[in-house]
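Okay, structure.cif now, which holds mmCIF, C-alpha atoms:
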data_protein
#
loop_
_atom_site.label_atom_id
_atom_site.label_comp_id
_atom_site.auth_asym_id
_atom_site.auth_seq_id
_atom_site.Cartn_x
_atom_site.Cartn_y
_atom_site.Cartn_z
CA MET A 369 -24.39 -10.71 -26.34
CA ASN A 370 -27.21 -8.58 -27.65
CA LYS A 371 -25.53 -5.25 -28.30
CA MET A 372 -23.29 -6.34 -31.14
CA SER A 373 -23.90 -7.90 -34.51
CA ILE A 374 -22.40 -11.34 -35.20
CA SER A 375 -19.61 -9.81 -37.31
CA GLN A 376 -18.85 -7.25 -34.57
CA GLU A 377 -18.71 -10.09 -32.02
CA ASP A 378 -16.26 -12.00 -34.21
CA ARG A 379 -14.15 -8.88 -34.67
CA PHE A 380 -14.18 -8.33 -30.91
CA VAL A 381 -13.04 -11.90 -30.19
CA GLY A 382 -10.32 -11.53 -32.84
CA ASP A 383 -9.06 -8.21 -31.44
CA LEU A 384 -9.24 -9.56 -27.90
CA ASN A 385 -7.22 -12.65 -28.79
CA GLU A 386 -4.54 -10.60 -30.51
CA ASN A 387 -4.05 -8.58 -27.33
CA VAL A 388 -5.21 -10.89 -24.56
CA GLY A 389 -1.68 -11.01 -23.11
CA ILE A 390 -2.14 -7.38 -22.05
CA VAL A 391 -5.08 -8.39 -19.86
CA HIS A 392 -3.15 -11.31 -18.34
CA ARG A 393 -0.17 -9.12 -17.51
CA ILE A 394 -2.29 -6.33 -15.98
CA CYS A 395 -4.06 -8.93 -13.83
CA ARG A 396 -0.73 -10.39 -12.72
CA VAL A 397 0.72 -6.99 -11.85
CA TYR A 398 -2.28 -5.97 -9.72
CA PHE A 399 -3.33 -9.34 -8.27
CA PRO A 400 -0.75 -11.77 -6.87
CA ASP A 401 -3.53 -14.21 -5.95
CA THR A 402 -4.58 -16.59 -8.77
CA ASP A 403 -8.29 -16.60 -7.84
CA ASP A 404 -8.41 -12.80 -7.75
CA ARG A 405 -6.67 -12.75 -11.12
CA LYS A 406 -9.30 -15.04 -12.65
CA ASP A 407 -12.12 -12.81 -11.36
CA VAL A 408 -10.52 -9.64 -12.63
CA PHE A 409 -9.69 -11.21 -15.99
CA GLN A 410 -13.39 -11.98 -16.47
CA GLU A 411 -14.41 -8.52 -15.30
CA ILE A 412 -11.98 -6.89 -17.76
CA VAL A 413 -13.23 -9.03 -20.67
CA TYR A 414 -16.79 -7.99 -19.77
CA GLN A 415 -15.88 -4.28 -19.56
CA LEU A 416 -14.08 -4.53 -22.92
CA TRP A 417 -17.12 -6.18 -24.47
CA LYS A 418 -19.42 -3.49 -23.02
CA SER A 419 -17.24 -0.64 -24.29
CA TYR A 420 -16.37 -2.21 -27.66
CA PRO A 421 -19.35 -0.76 -29.64
CA ALA A 422 -18.17 2.74 -28.65
CA PHE A 423 -14.61 2.05 -29.80
CA GLN A 424 -14.38 3.88 -33.10
CA GLY A 425 -10.74 3.15 -33.83
CA GLN A 426 -9.55 6.72 -33.05
CA SER A 427 -6.66 5.18 -31.15
CA LYS A 428 -4.84 1.87 -31.42
CA PHE A 429 -6.91 -1.05 -30.12
CA SER A 430 -4.14 -1.85 -27.62
CA THR A 431 -4.18 1.76 -26.24
CA TRP A 432 -7.93 1.57 -25.75
CA MET A 433 -7.55 -1.86 -24.19
CA TYR A 434 -4.91 -0.64 -21.71
CA LYS A 435 -7.27 2.15 -20.57
CA VAL A 436 -10.26 -0.14 -20.03
CA ALA A 437 -8.20 -2.90 -18.42
CA LEU A 438 -6.26 -0.57 -16.10
CA ASN A 439 -9.39 1.30 -15.03
CA THR A 440 -11.14 -1.98 -14.27
CA ALA A 441 -8.17 -3.42 -12.38
CA ILE A 442 -7.65 -0.27 -10.30
CA THR A 443 -11.38 -0.08 -9.48
CA HIS A 444 -11.32 -3.76 -8.50
CA VAL A 445 -8.30 -3.23 -6.21
CA ARG A 446 -10.07 -0.33 -4.50
CA ASN A 447 -13.28 -2.31 -4.09
CA THR A 448 -11.62 -5.46 -2.79
CA LYS A 449 -12.40 -5.60 0.89
CA ARG A 450 -9.78 -8.24 1.63
CA MET A 451 -6.31 -6.75 1.87
CA ILE A 452 -4.05 -7.82 -0.95
CA VAL A 453 -1.02 -9.20 0.83
CA LYS A 454 2.20 -7.64 -0.34
CA GLU A 455 4.60 -10.51 -0.52
CA SER A 456 8.08 -9.46 0.54
CA LEU A 457 10.97 -9.99 -1.84
CA SER A 458 12.88 -12.08 0.69
CA ASP A 459 9.89 -14.47 1.03
CA ARG A 460 9.74 -14.76 -2.70
CA ILE A 461 13.47 -15.42 -3.03
CA SER A 462 13.44 -18.31 -0.55
CA GLU A 463 10.43 -19.75 -2.38
CA ILE A 464 12.21 -19.53 -5.72
CA ALA A 465 15.41 -20.98 -4.32
CA ILE A 466 13.72 -24.27 -3.51
CA SER A 467 11.82 -24.62 -6.79
CA ASN A 468 14.38 -26.17 -9.08
CA GLU A 469 12.16 -26.62 -12.09
CA GLN A 470 11.93 -22.92 -12.85
CA ASN A 471 14.44 -21.55 -15.26
CA GLN A 472 16.38 -18.36 -14.66
CA ALA A 473 14.19 -16.22 -16.88
CA ASP A 474 11.08 -17.26 -15.00
CA GLU A 475 12.80 -16.54 -11.71
CA ARG A 476 13.75 -13.08 -12.88
CA LEU A 477 10.22 -12.48 -14.05
CA ASN A 478 8.68 -13.69 -10.80
CA LEU A 479 11.00 -11.45 -8.84
CA LEU A 480 10.12 -8.54 -11.06
CA TYR A 481 6.37 -9.10 -10.47
CA THR A 482 7.01 -9.34 -6.73
CA ALA A 483 9.04 -6.13 -6.78
CA ILE A 484 6.33 -4.38 -8.83
CA ASN A 485 3.79 -5.52 -6.25
CA THR A 486 5.50 -3.26 -3.71
CA LEU A 487 4.69 -0.17 -5.82
CA SER A 488 1.62 2.05 -5.59
CA LEU A 489 -1.39 1.58 -7.91
CA VAL A 490 -0.26 4.42 -10.18
CA ASP A 491 3.42 3.41 -10.30
CA LYS A 492 2.38 -0.14 -11.18
CA ALA A 493 0.48 1.18 -14.20
CA ILE A 494 3.42 3.31 -15.33
CA ILE A 495 6.05 0.58 -15.08
CA LEU A 496 3.75 -1.95 -16.72
CA LEU A 497 3.14 0.36 -19.67
CA HIS A 498 6.87 1.01 -19.91
CA LEU A 499 7.73 -2.70 -19.85
CA GLU A 500 5.10 -3.19 -22.56
CA GLU A 501 7.21 -0.79 -24.67
CA ASN A 502 4.75 2.08 -24.81
CA ASN A 503 6.51 5.41 -25.33
CA TYR A 504 6.10 8.41 -22.99
CA ASP A 505 3.34 9.91 -25.16
CA GLU A 506 1.33 6.69 -25.06
CA ILE A 507 1.82 6.27 -21.30
CA ALA A 508 0.69 9.89 -20.80
CA LEU A 509 -2.35 9.29 -23.03
CA ILE A 510 -3.37 6.14 -21.16
CA THR A 511 -2.79 7.42 -17.63
CA GLY A 512 -3.72 11.10 -18.04
CA LEU A 513 -0.37 12.20 -16.59
CA THR A 514 1.87 14.72 -18.33
CA LYS A 515 4.78 13.44 -20.39
CA THR A 516 7.24 15.13 -18.00
CA ASN A 517 5.56 13.55 -15.01
CA VAL A 518 5.77 10.13 -16.67
CA SER A 519 9.49 10.47 -17.35
CA VAL A 520 10.27 11.74 -13.83
CA ARG A 521 8.26 8.94 -12.25
CA LEU A 522 9.80 6.29 -14.46
CA VAL A 523 13.32 7.23 -13.38
CA ARG A 524 12.23 7.01 -9.75
CA ILE A 525 10.37 3.70 -10.20
CA LYS A 526 13.25 2.07 -12.10
CA LYS A 527 15.70 3.16 -9.40
CA LYS A 528 13.45 1.73 -6.74
CA LEU A 529 13.00 -1.58 -8.55
CA GLU A 530 16.69 -1.87 -9.37
CA GLY A 531 17.62 -1.11 -5.79
CA GLU A 532 15.33 -3.86 -4.54
CA LEU A 533 16.43 -6.40 -7.11
CA LYS A 534 20.17 -5.65 -7.36
CA ASN A 535 21.23 -7.60 -4.30
CA VAL A 536 19.08 -10.54 -5.26
CA LEU A 537 20.08 -10.95 -8.88
CA TYR A 538 23.76 -10.11 -8.72
CA MET B 345 20.70 0.06 -16.36
CA GLU B 346 21.94 -3.49 -16.88
CA THR B 347 19.63 -4.99 -14.27
CA PHE B 348 16.52 -3.38 -15.62
CA ASP B 349 17.40 -4.23 -19.21
CA GLU B 350 17.76 -7.88 -18.23
CA LEU B 351 14.34 -7.75 -16.64
CA GLN B 352 12.88 -6.10 -19.71
CA LYS B 353 14.32 -8.96 -21.76
CA SER B 354 12.66 -11.56 -19.51
CA TRP B 355 9.40 -9.64 -19.77
CA ASN B 356 9.54 -9.65 -23.56
CA GLU B 357 10.44 -13.34 -23.74
CA ASN B 358 7.51 -14.15 -21.52
CA LYS B 359 5.19 -12.03 -23.70
CA ALA B 360 6.10 -14.14 -26.70
CA ARG B 361 5.41 -17.42 -24.87
CA GLU B 362 2.11 -16.71 -23.14
CA SER B 363 -1.42 -15.81 -24.23
CA ALA B 364 -3.49 -18.81 -25.27
CA ALA B 365 -6.34 -17.73 -27.55
CA LEU B 366 -9.91 -17.71 -26.25
CA ASN B 367 -12.62 -19.17 -28.44
CA LYS B 368 -15.91 -17.34 -28.91
CA GLY B 369 -17.80 -19.83 -26.74
CA VAL B 370 -15.55 -19.10 -23.77
CA VAL B 371 -15.90 -15.33 -24.27
CA VAL B 372 -19.71 -15.66 -24.42
CA GLU B 373 -19.67 -17.73 -21.21
CA VAL B 374 -17.45 -15.20 -19.41
CA ILE B 375 -19.69 -12.32 -20.45
CA ALA B 376 -22.89 -14.14 -19.46
CA ALA B 377 -21.40 -14.93 -16.03
CA GLN B 378 -20.37 -11.30 -15.53
CA ILE B 379 -23.84 -10.05 -16.54
CA ARG B 380 -25.37 -12.38 -13.94
CA LYS B 381 -22.90 -11.12 -11.32
CA GLU B 382 -23.65 -7.48 -12.16
CA ARG B 383 -27.42 -8.06 -12.00
CA ASN B 384 -27.08 -9.70 -8.59
CA LYS B 385 -24.99 -6.77 -7.38
CA ILE B 386 -27.55 -4.23 -8.62
CA PHE B 387 -30.41 -6.26 -7.13
CA ARG B 388 -28.66 -6.45 -3.74
CA TYR B 389 -27.97 -2.70 -3.75
CA PHE B 390 -31.49 -1.91 -4.92
CA TRP B 391 -33.04 -4.14 -2.26
CA ALA B 392 -30.86 -2.65 0.50
CA SER B 393 -31.48 0.94 -0.60
CA TYR B 394 -35.18 0.83 -1.18
CA PHE B 395 -36.32 -1.66 1.45
CA TRP B 396 -37.23 1.01 3.98
CA GLN B 397 -38.84 3.21 1.38
CA PHE B 398 -41.03 0.30 0.23
CA LEU B 399 -41.82 -0.42 3.86
CA ILE B 400 -43.01 3.15 4.34
CA TYR B 401 -45.23 3.02 1.25
CA ALA B 402 -46.61 -0.38 2.20
CA SER B 403 -47.32 0.66 5.80
CA LEU B 404 -48.92 3.96 4.85
CA GLY B 405 -50.94 2.28 2.08
CA HIS B 406 -52.10 -0.40 4.50
CA LEU B 407 -53.14 2.21 7.07
CA MET B 408 -55.03 4.21 4.45
CA VAL B 409 -57.06 1.17 3.41
CA ARG B 410 -57.61 -0.04 6.95
CA TYR B 411 -58.73 3.33 8.32
CA TRP B 412 -60.55 4.48 5.20
CA GLY B 413 -63.23 6.88 6.40
CA GLU B 414 -61.20 8.23 9.31
CA GLY B 415 -60.33 11.57 7.73
CA GLN B 416 -57.30 12.50 9.82
CA THR B 417 -55.51 9.14 9.49
CA VAL B 418 -56.09 8.99 5.73
CA ILE B 419 -54.85 12.56 5.24
CA LEU B 420 -51.73 11.91 7.32
CA CYS B 421 -50.94 8.71 5.40
CA ALA B 422 -51.54 10.39 2.03
CA ALA B 423 -49.34 13.32 3.09
CA GLY B 424 -46.60 10.88 4.10
CA ILE B 425 -46.70 9.10 0.73
CA LEU B 426 -46.81 12.36 -1.24
CA MET B 427 -43.92 13.78 0.77
CA TYR B 428 -41.76 10.66 0.33
CA LEU B 429 -42.46 10.11 -3.37
CA PRO B 430 -40.23 12.91 -4.76
CA PHE B 431 -37.30 11.66 -2.68
CA THR B 432 -37.65 8.15 -4.09
CA THR B 433 -37.94 9.48 -7.66
CA VAL B 434 -34.82 11.65 -7.36
CA PHE B 435 -32.99 8.82 -5.60
CA ILE B 436 -33.70 6.39 -8.45
CA LYS B 437 -32.80 8.98 -11.12
CA LYS B 438 -29.51 9.88 -9.42
CA TYR B 439 -28.59 6.24 -8.90
CA ASN B 440 -29.36 5.33 -12.53
CA ARG B 441 -27.34 8.27 -13.81
CA MET B 442 -24.42 7.31 -11.62
CA ALA B 443 -24.54 3.65 -12.71
CA TRP B 444 -24.85 4.59 -16.40
CA GLN B 445 -22.05 7.16 -16.39
CA LYS B 446 -19.81 4.85 -14.39
CA SER B 447 -20.26 2.01 -16.86
CA ASN B 448 -19.44 4.35 -19.75
CA SER B 449 -16.27 5.81 -18.27
CA SER B 450 -13.98 2.80 -18.52
CA ALA B 451 -12.42 3.88 -21.85
CA GLN B 452 -11.21 7.22 -20.46
CA ASN B 453 -7.64 7.71 -19.32
CA VAL B 454 -6.94 6.52 -15.78
CA LEU B 455 -6.90 9.98 -14.17
CA ALA B 456 -10.08 11.13 -15.94
CA SER B 457 -11.84 7.89 -14.98
CA LEU B 458 -10.86 8.34 -11.31
CA GLN B 459 -11.99 11.97 -11.37
CA MET B 460 -15.33 11.00 -12.89
CA GLN B 461 -15.90 8.24 -10.33
CA HIS B 462 -15.02 10.68 -7.55
CA SER B 463 -17.35 13.38 -8.83
CA LEU B 464 -20.27 10.96 -9.37
CA LEU B 465 -19.85 9.39 -5.96
CA THR B 466 -19.49 12.79 -4.26
CA SER B 467 -22.62 14.13 -5.94
CA PHE B 468 -24.64 11.02 -5.04
CA PHE B 469 -23.33 11.06 -1.46
CA ARG B 470 -24.18 14.78 -1.09
CA PHE B 471 -27.74 14.06 -2.19
CA LYS B 472 -27.97 10.96 0.03
CA LYS B 473 -26.83 12.96 3.07
CA LYS B 474 -29.60 15.50 2.48
CA PHE B 475 -32.02 12.63 2.01
CA ASP B 476 -30.78 11.03 5.24
CA TRP B 477 -31.13 14.25 7.27
CA ILE B 478 -34.73 14.75 6.18
CA GLY B 479 -35.86 11.22 5.41
CA ILE B 480 -34.61 9.39 8.49
CA PRO B 481 -36.35 11.51 11.19
CA ILE B 482 -39.59 11.44 9.18
CA THR B 483 -39.34 7.70 8.58
CA CYS B 484 -38.76 7.06 12.27
CA LEU B 485 -41.64 9.34 13.20
CA LEU B 486 -43.97 7.51 10.87
CA LEU B 487 -42.81 4.10 12.12
CA THR B 488 -43.36 5.16 15.75
CA ALA B 489 -46.80 6.54 14.92
CA ILE B 490 -47.77 3.35 13.09
CA ILE B 491 -46.55 1.10 15.91
CA PHE B 492 -48.50 3.08 18.53
CA LYS B 493 -51.58 3.40 16.34
CA LEU B 494 -51.74 -0.34 15.56
CA TRP B 495 -50.43 -2.09 18.65
CA VAL B 496 -50.61 0.27 21.66
CA PRO B 497 -54.05 0.77 23.23
CA ASN B 498 -55.20 4.43 23.00
CA GLY B 499 -52.24 5.31 20.76
CA TRP B 500 -49.27 7.59 21.37
CA ALA B 501 -51.41 10.37 22.95
CA ALA B 502 -51.92 8.15 26.01
CA HIS B 503 -48.22 7.22 26.22
CA VAL B 504 -46.25 10.32 25.27
CA ALA B 505 -43.08 9.36 27.16
CA GLY B 506 -43.17 5.83 25.74
CA ALA B 507 -43.66 7.20 22.25
CA ILE B 508 -40.71 9.58 22.64
CA ILE B 509 -38.45 6.81 23.96
CA SER B 510 -39.51 4.51 21.08
CA TYR B 511 -38.84 7.30 18.60
CA VAL B 512 -35.37 7.92 20.03
CA LEU B 513 -34.55 4.19 19.97
CA ILE B 514 -35.72 3.72 16.38
CA LEU B 515 -33.91 6.89 15.33
CA SER B 516 -30.68 5.70 16.99
CA ALA B 517 -30.86 2.34 15.21
CA PHE B 518 -31.42 4.10 11.87
CA LEU B 519 -28.59 6.56 12.50
CA ILE B 520 -26.10 3.81 13.41
CA ALA B 521 -27.06 1.77 10.33
CA THR B 522 -26.85 4.83 8.07
CA PHE B 523 -23.52 5.94 9.51
CA THR B 524 -22.04 2.46 8.96
CA GLU B 525 -23.45 2.22 5.45
CA ASN B 526 -22.24 5.70 4.49
CA ARG B 527 -18.79 4.97 5.78
CA ARG B 528 -18.54 1.65 3.92
CA SER B 529 -20.12 2.73 0.65
CA PHE B 530 -19.08 6.37 0.40
CA LYS B 531 -16.51 7.71 2.86
CA VAL B 532 -13.93 4.92 2.53
CA PRO B 533 -14.19 4.65 -1.30
CA LEU B 534 -14.03 8.46 -1.65
CA GLU B 535 -10.95 8.59 0.56
CA GLY B 536 -9.34 5.83 -1.54
CA LEU B 537 -10.09 7.73 -4.75
CA ARG B 538 -8.71 10.96 -3.29
CA LEU B 539 -5.47 9.21 -2.31
CA VAL B 540 -4.89 7.77 -5.79
CA MET B 541 -5.81 11.07 -7.47
CA SER B 542 -3.52 13.11 -5.23
CA GLU B 543 -0.69 10.67 -5.95
CA MET B 544 -1.28 11.15 -9.67
CA GLN B 545 -1.46 14.91 -9.41
CA GLU B 546 1.75 15.39 -7.47
CA GLU B 547 4.63 16.34 -9.75
#

Kindly return the structure encoded in the file as structure tokens.
Amino acid sequence: MNKMSISQEDRFVGDLNENVGIVHRICRVYFPDTDDRKDVFQEIVYQLWKSYPAFQGQSKFSTWMYKVALNTAITHVRNTKRMIVKESLSDRISEIAISNEQNQADERLNLLYTAINTLSLVDKAIILLHLEENNYDEIALITGLTKTNVSVRLVRIKKKLEGELKNVLY
Amino acid sequence: METFDELQKSWNENKARESAALNKGVVVEVIAAQIRKERNKIFRYFWASYFWQFLIYASLGHLMVRYWGEGQTVILCAAGILMYLPFTTVFIKKYNRMAWQKSNSSAQNVLASLQMQHSLLTSFFRFKKKFDWIGIPITCLLLTAIIFKLWVPNGWAAHVAGAIISYVLILSAFLIATFTENRRSFKVPLEGLRLVMSEMQEE
């Protein structure tokens, strides 16, 4: 860790810990496989550390973190030679049905992740940012899309997810 | 939107529960491991990319020393090295620029980052294709000449047909390897980038 001073390193670890959930959730959205997730988590932490000295605080730390983490995850997906298997919702449902220890909220969440896994790379980013309660301006800033485009896409993505999940949940 | 709101609620509840803190030691370990991984990756790429260029320099250098005093051989070898040197220099410069810019683009927005990766890869691939078109035939010619000079009695002049067949065989092997490598390292990634970018740009 030679680029940063000790105090900068401590600040980085502090900022990272405050927002580390973002990294976990991005990894889970893009990588259903636990081993892949571990690799990407480490890669994202490394990219954040590399870019941290250039982060001047012009934007919120979380906004900057979303950009670095999403860029790293998307690059990793594109570079992964092995095909990431898209688990079907029906497979997931039968799996959940036999695991009694999971509570309903976890089941909903697992189904949501499985449904998100059926989306494209870009739509995954948009829905994730929306679920993370970023507003349209922030989503546009992070993705580079226009605000109008974000809102149009969100309506379409939500409809798609609801359509897939409706029969399962209700 | 009842269904989606329920899901949003589950998402938020999960957010509150998860996220164990990382201590500094773990972060340092993760970063050190990634640095090692990145170095290995660069070393592998560097080795694969420059192996044949080093081979050319080594072979021509060896021939120059071995046949020192034989004017024509020395001049040909020196010409080969001088001709190849600018290609290697530009190749290294372009590669370094691409690696540096790529590693500094991760804090851009997603679309800008994809566009930058696409433009860097396209520019490097364009240069590499030119390099391949000129470099590969010359490399194969030099390799054929060296093989015939060192191991075939009376050299290529006494076995013109054999030399031509050898040249064609070596050239074919190089072309197949280059085609495969270009497809794997450039064409497929560029196509992937184009797909994601076009998806983002459609309204």

Mind running chain A against chain B at 8 Å and telling me each contacting residue's nearest atom pair with the distance in Å (one decimal), counting all atoms listed in the file, chain and number ascending, as JSON lines?
{"residue": "A:Met369", "atom": "CA", "partner": "B:Val372", "partner_atom": "CA", "distance": 7.1}
{"residue": "A:Asp378", "atom": "CA", "partner": "B:Lys368", "partner_atom": "CA", "distance": 7.5}
{"residue": "A:Val381", "atom": "CA", "partner": "B:Lys368", "partner_atom": "CA", "distance": 6.3}
{"residue": "A:Asn385", "atom": "CA", "partner": "B:Ala365", "partner_atom": "CA", "distance": 5.3}
{"residue": "A:Glu386", "atom": "CA", "partner": "B:Ala365", "partner_atom": "CA", "distance": 7.9}
{"residue": "A:Val388", "atom": "CA", "partner": "B:Ser363", "partner_atom": "CA", "distance": 6.2}
{"residue": "A:Gly389", "atom": "CA", "partner": "B:Ser363", "partner_atom": "CA", "distance": 4.9}
{"residue": "A:His392", "atom": "CA", "partner": "B:Ser363", "partner_atom": "CA", "distance": 7.6}
{"residue": "A:Gln410", "atom": "CA", "partner": "B:Val374", "partner_atom": "CA", "distance": 6.0}
{"residue": "A:Glu411", "atom": "CA", "partner": "B:Gln378", "partner_atom": "CA", "distance": 6.6}
{"residue": "A:Val413", "atom": "CA", "partner": "B:Ile375", "partner_atom": "CA", "distance": 7.3}
{"residue": "A:Tyr414", "atom": "CA", "partner": "B:Ile375", "partner_atom": "CA", "distance": 5.3}
{"residue": "A:Gln415", "atom": "CA", "partner": "B:Ser450", "partner_atom": "CA", "distance": 7.4}
{"residue": "A:Trp417", "atom": "CA", "partner": "B:Ile375", "partner_atom": "CA", "distance": 7.8}
{"residue": "A:Ser419", "atom": "CA", "partner": "B:Ala451", "partner_atom": "CA", "distance": 7.0}
{"residue": "A:Trp432", "atom": "CA", "partner": "B:Ala451", "partner_atom": "CA", "distance": 6.4}
{"residue": "A:Met433", "atom": "CA", "partner": "B:Ala451", "partner_atom": "CA", "distance": 7.9}
{"residue": "A:Lys435", "atom": "CA", "partner": "B:Ala451", "partner_atom": "CA", "distance": 5.6}
{"residue": "A:Val436", "atom": "CA", "partner": "B:Ala451", "partner_atom": "CA", "distance": 4.9}
{"residue": "A:Leu438", "atom": "CA", "partner": "B:Val454", "partner_atom": "CA", "distance": 7.1}
{"residue": "A:Asn439", "atom": "CA", "partner": "B:Val454", "partner_atom": "CA", "distance": 5.8}
{"residue": "A:Thr440", "atom": "CA", "partner": "B:Ser450", "partner_atom": "CA", "distance": 7.0}
{"residue": "A:Arg446", "atom": "CA", "partner": "B:Gly536", "partner_atom": "CA", "distance": 6.9}
{"residue": "A:Asn447", "atom": "CA", "partner": "B:Pro533", "partner_atom": "CA", "distance": 7.6}
{"residue": "A:Ala473", "atom": "CA", "partner": "B:Ser354", "partner_atom": "CA", "distance": 5.6}
{"residue": "A:Asp474", "atom": "CA", "partner": "B:Ser354", "partner_atom": "CA", "distance": 7.4}
{"residue": "A:Arg476", "atom": "CA", "partner": "B:Leu351", "partner_atom": "CA", "distance": 6.5}
{"residue": "A:Leu477", "atom": "CA", "partner": "B:Ser354", "partner_atom": "CA", "distance": 6.1}
{"residue": "A:Leu480", "atom": "CA", "partner": "B:Leu351", "partner_atom": "CA", "distance": 7.0}
{"residue": "A:Leu489", "atom": "CA", "partner": "B:Val540", "partner_atom": "CA", "distance": 7.4}
{"residue": "A:Val490", "atom": "CA", "partner": "B:Met544", "partner_atom": "CA", "distance": 6.8}
{"residue": "A:Leu499", "atom": "CA", "partner": "B:Gln352", "partner_atom": "CA", "distance": 6.2}
{"residue": "A:Glu500", "atom": "CA", "partner": "B:Asn356", "partner_atom": "CA", "distance": 7.9}
{"residue": "A:Leu509", "atom": "CA", "partner": "B:Asn453", "partner_atom": "CA", "distance": 6.7}
{"residue": "A:Ile510", "atom": "CA", "partner": "B:Asn453", "partner_atom": "CA", "distance": 4.9}
{"residue": "A:Thr511", "atom": "CA", "partner": "B:Val454", "partner_atom": "CA", "distance": 4.6}
{"residue": "A:Gly512", "atom": "CA", "partner": "B:Leu455", "partner_atom": "CA", "distance": 5.1}
{"residue": "A:Leu513", "atom": "CA", "partner": "B:Met544", "partner_atom": "CA", "distance": 7.1}
{"residue": "A:Asn517", "atom": "CA", "partner": "B:Glu547", "partner_atom": "CA", "distance": 6.0}
{"residue": "A:Lys526", "atom": "CA", "partner": "B:Phe348", "partner_atom": "CA", "distance": 7.3}
{"residue": "A:Glu530", "atom": "CA", "partner": "B:Phe348", "partner_atom": "CA", "distance": 6.4}
{"residue": "A:Leu533", "atom": "CA", "partner": "B:Thr347", "partner_atom": "CA", "distance": 8.0}
{"residue": "A:Lys534", "atom": "CA", "partner": "B:Thr347", "partner_atom": "CA", "distance": 7.0}

Nearest candidate to Thr432 in chain B (options B:Ser393, B:Gln416, B:Asn498, B:Thr466; using all atoms listed in the file):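 The answer is B:Ser393, which sits nearest to Thr432 in chain B.
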
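The two atoms in question, CA of Phe423 in chain A and CA of Gly382 in chain A, are spaced 14.6 Å apart.
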
Report, in Å with one decimal, the straight-line distance from CA of Leu494 in chain B to CA of Ile478 in chain B.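 About the pair CA of Leu494 in chain B and CA of Ile478 in chain B: they are 24.6 Å apart.
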
May I have the protein, DNA and RNA residues with an atom at most 12 Å from (-28.2, 6.5, -9.4), counting only C-alpha atoms in the file's coordinates, returned as a PyMOL selection string? chain B and resi 386+389-390+393+432-447+464-469+471-472

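Between CA of Thr488 in chain B and CA of Ser510 in chain B there is a distance of 6.6 Å.
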
Counting all atoms listed in the file, which residue out of B:Val496, B:Ser542, B:Ala489, B:Ser463 sits closest to Phe530 in chain B?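 Among B:Val496, B:Ser542, B:Ala489, B:Ser463, it is B:Ser463 that comes nearest to Phe530 in chain B.
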
Please determine an axis-aligned box that encloses all atoms of range 522-538 of chain B listed in the file, with 3 Å added on each side, and express its centre and edge lengths in Å to one decimal as AutoDock Vina command-line options.
--center_x -17.8 --center_y 6.3 --center_z 2.4 --size_x 24.1 --size_y 15.3 --size_z 20.3

Using only C-alpha atoms, collect all residues at a distance of at most 9 Å from (3.6, 10.8, -18.5) as written in the file, then present them as number ranges by chain. A: 494, 504-522

Can you pull out every residue within 10 Å of Asp404 in chain A, counting only C-alpha atoms, but drop anything in the same chain fewer than 6 positions away, and send it as number ranges by chain? A: 395-396, 398, 444-445, 448, 452
